[in-house]
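To start, the structure itself, in structure tokens.
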Amino acid sequence: MSKVLVALSGGVDSAAAAALLVQQGHEVVAAYMKNWVNEENIPGECPWERDIEDALGVCRALHIEFRVIDLIEHYRNRVVNYLLEGYRNGSTPNPDVLCNREMKFGVLLDYALEQGFCGVATGHYALREDVPGEGSYILRGVDRNKDQSYFLALMRQEQIARALFPVGGLTKPEVRELARRFHLPNAEKKDSQGICFIGRVKMSDFLRHYLPDNPGDIVDLQGRVLGRHNGLHLFTMGQRHGHRVASPREGVAYVVVGKDLAHNRLILGYEGEETQGLYARSAVVGSITNTLRPLPERVFAQPRYRAAAVPARCTPLGEGKVRLDFEAPVRAVAPGQVCAFYAPDADRGERLLGGGFFESVGSDVAGN
């Protein structure tokens with residue numbers, strides 16, 4: 001058996017992961033990544049002290065060593081700055097995806113290897129598959145409702161080879177039952193919500209603390225002024241609420257269909273594939289990582305965590321970029337979002353092939 005460092009968040013999933021590794025006979029040490037303490041007093045809840053207490057209780061129940069590792073500066077430099085820069089430039093960043101590559105399987109994995117551990121285990125609902133002579137892949141978790149492979153799409157091959165996902169073969173109810181069986185104190189703790197490691201903080205409040213309001217016009221697709229916004233960074237594609245513009249059509253609400261960065265205008269339209277900008281037929285994805293080989297001609301592309309993976313034709317463009325042509329229009333694709341690629345073969349799209357960032361989006365629903 002091996003020596004494993006478990007990233008223990010205080011939640012039940014990582015606690016169950018630690019319990020399984022102990023049960024399997026591994027030498028297990030748990031580490032809480034102290035990434036954020038909300039010293040700026042942004043409105044909301046940052047429960048890091050409670051999380052450390054819960055994590056310590058788990059370690060006592062399992063009789064394993066517990067460490068708190070201060071990674072605040074790393075988190076600010078690698079994740080928070082990326083988040084703010086993305087919104088500042090009008091894109092839609094995903095801090096949770098970057099947190100896995102840069103923090104859990106970046107800074108924390110480096111620490112683990114320096115300390116003599118074989119790798120880092122987390123509570124992700126995902127699986128790892130090692131193919132002899134080829135490398136390691138990530139697969140979707142058994143619990144399709146909880147599958148978190150999307151959040152691992154940007155991991156590099158050397159990170160995947162050192163990653164362990166002990167609960168990936170279980171469903172959420174099975175994880176809860178396992179936690180009860182090991183008498184873990186957080187067995188009934190609710191799942192965390194909010195920005196990765198920051199807590200229950202509204203994104204708008206978080207952004208307003210760092211990015212000043214930049215008011216501008218809200219317009220429709222014909223350029224008619226409908227109202228005013230406080231900053232384009234406070235909105236994302238497909239957003240139905242928060243713009244405070246009432247639709248003249250009964251029962252049909254306005255949604256965000258675009259941003260005019262040059263003129264600081266937020267563009268609203270109506271739901272529907274015929275609405276210019278809301279649905280994409282094609283897109284360019286760049287900065288692709290994780291792939292063991294060039295992406296195949298056909299892939300399943302997943303544009304967001306809770307979005308379905310859709311079939312697409314994949315054309316290489318060079319310089320780590322591909323063009324995707326979707327078989328059916330895809331709603332609310334925005335530059336900066338992470339696209340995860342899954343294999344289209346007999347595994348029914350369960351094998352993760354890699355990921356990248358949407359750089360540009362085509363919206364001609366009649367075809368390209």
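Lettering and numbering for the structure tokens are positional, with chains as A, B, ... in the shown order, residues counted from 1 in each chain, and ligands counted from 1 in the shown order.
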
**Request:** Name the residues of stretch 202-345 of chain A that fall into strand (DSSP E) according to DSSP on the backbone, using the chain letters and numbers of this document, as number ranges by chain.
**Result:** A: 216-220, 225-229, 254-260, 265-270, 279-289, 298-302, 310-318, 321-331, 338-342

**Item:** All residues 8 Å or closer to A:Gly362, only C-alpha atoms, same chain fewer than 5 positions away omitted, as a PyMOL selection string
**Value:** chain A and resi 277+280-283

Expected file contents, prior selection, all heavy atoms, as a short mmCIF file (atom, residue, chain, number, x, y, z; two decimals), in the first residue's frame:
```cif
data_model
loop_
_atom_site.label_atom_id
_atom_site.label_comp_id
_atom_site.auth_asym_id
_atom_site.auth_seq_id
_atom_site.Cartn_x
_atom_site.Cartn_y
_atom_site.Cartn_z
N GLY A 277 -27.10 35.34 -31.39
CA GLY A 277 -26.15 35.40 -30.28
C GLY A 277 -26.41 34.42 -29.17
O GLY A 277 -25.48 34.07 -28.43
N ALA A 280 -25.23 28.83 -30.37
CA ALA A 280 -24.03 28.73 -31.20
C ALA A 280 -24.05 27.45 -32.02
O ALA A 280 -24.42 26.39 -31.52
CB ALA A 280 -22.78 28.77 -30.34
N ARG A 281 -23.64 27.57 -33.27
CA ARG A 281 -23.43 26.41 -34.13
C ARG A 281 -21.97 25.98 -34.15
O ARG A 281 -21.65 24.84 -34.46
CB ARG A 281 -23.88 26.73 -35.56
CG ARG A 281 -25.36 26.64 -35.81
CD ARG A 281 -25.78 25.20 -35.95
NE ARG A 281 -27.15 25.09 -36.43
CZ ARG A 281 -27.77 23.93 -36.62
NH1 ARG A 281 -27.15 22.80 -36.37
NH2 ARG A 281 -29.01 23.91 -37.06
N SER A 282 -21.09 26.92 -33.84
CA SER A 282 -19.66 26.62 -33.90
C SER A 282 -18.91 27.43 -32.86
O SER A 282 -19.44 28.40 -32.30
CB SER A 282 -19.10 26.94 -35.30
OG SER A 282 -19.20 28.34 -35.55
N ALA A 283 -17.69 27.02 -32.59
CA ALA A 283 -16.85 27.73 -31.62
C ALA A 283 -15.40 27.34 -31.83
O ALA A 283 -15.10 26.27 -32.37
CB ALA A 283 -17.29 27.41 -30.20
#
```

**Computed interatomic separation between atom CA of A:Gly227 and atom CA of A:Val245 (Å)** = 6.7 Å

**Request:** Would you list, as a PyMOL selection string, the residues of stretch 23-157 of chain A that end up in helix (DSSP H, G or I) under DSSP run on this structure's backbone?
**Result:** chain A and resi 23+48-62+72-88+95-114+149-152+157

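Here atom CA of A:Val256 and atom CA of A:Gln239 stand 5.2 Å from one another.
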
**Request:** Compare A:Ala18, A:Met103, A:Val333, A:Val284 by their minimum atom-to-atom distance to A:Val80, counting only C-alpha atoms, and give me the closest one.
**Result:** A:Met103

**Prompt:** How many Å lie between atom CA of A:Arg67 and atom CA of A:Cys99, rounded to one decimal?
**Reply:** 19.5 Å

**Asked** Could you pull the residues within 9 Å of stretch 53-62 of chain A, counting only C-alpha atoms, minus those fewer than 2 positions along the same chain, as a ChimeraX atom specification?
**Response** /A:8-11,15,18-19,22,29-32,48-51,64-67,182-186

**Message:** So, with only C-alpha atoms as the atoms that count, which of A:Val28, A:Leu84, A:Leu113, A:Ala17 lies closest to A:Ser204?
**Reply:** A:Leu84
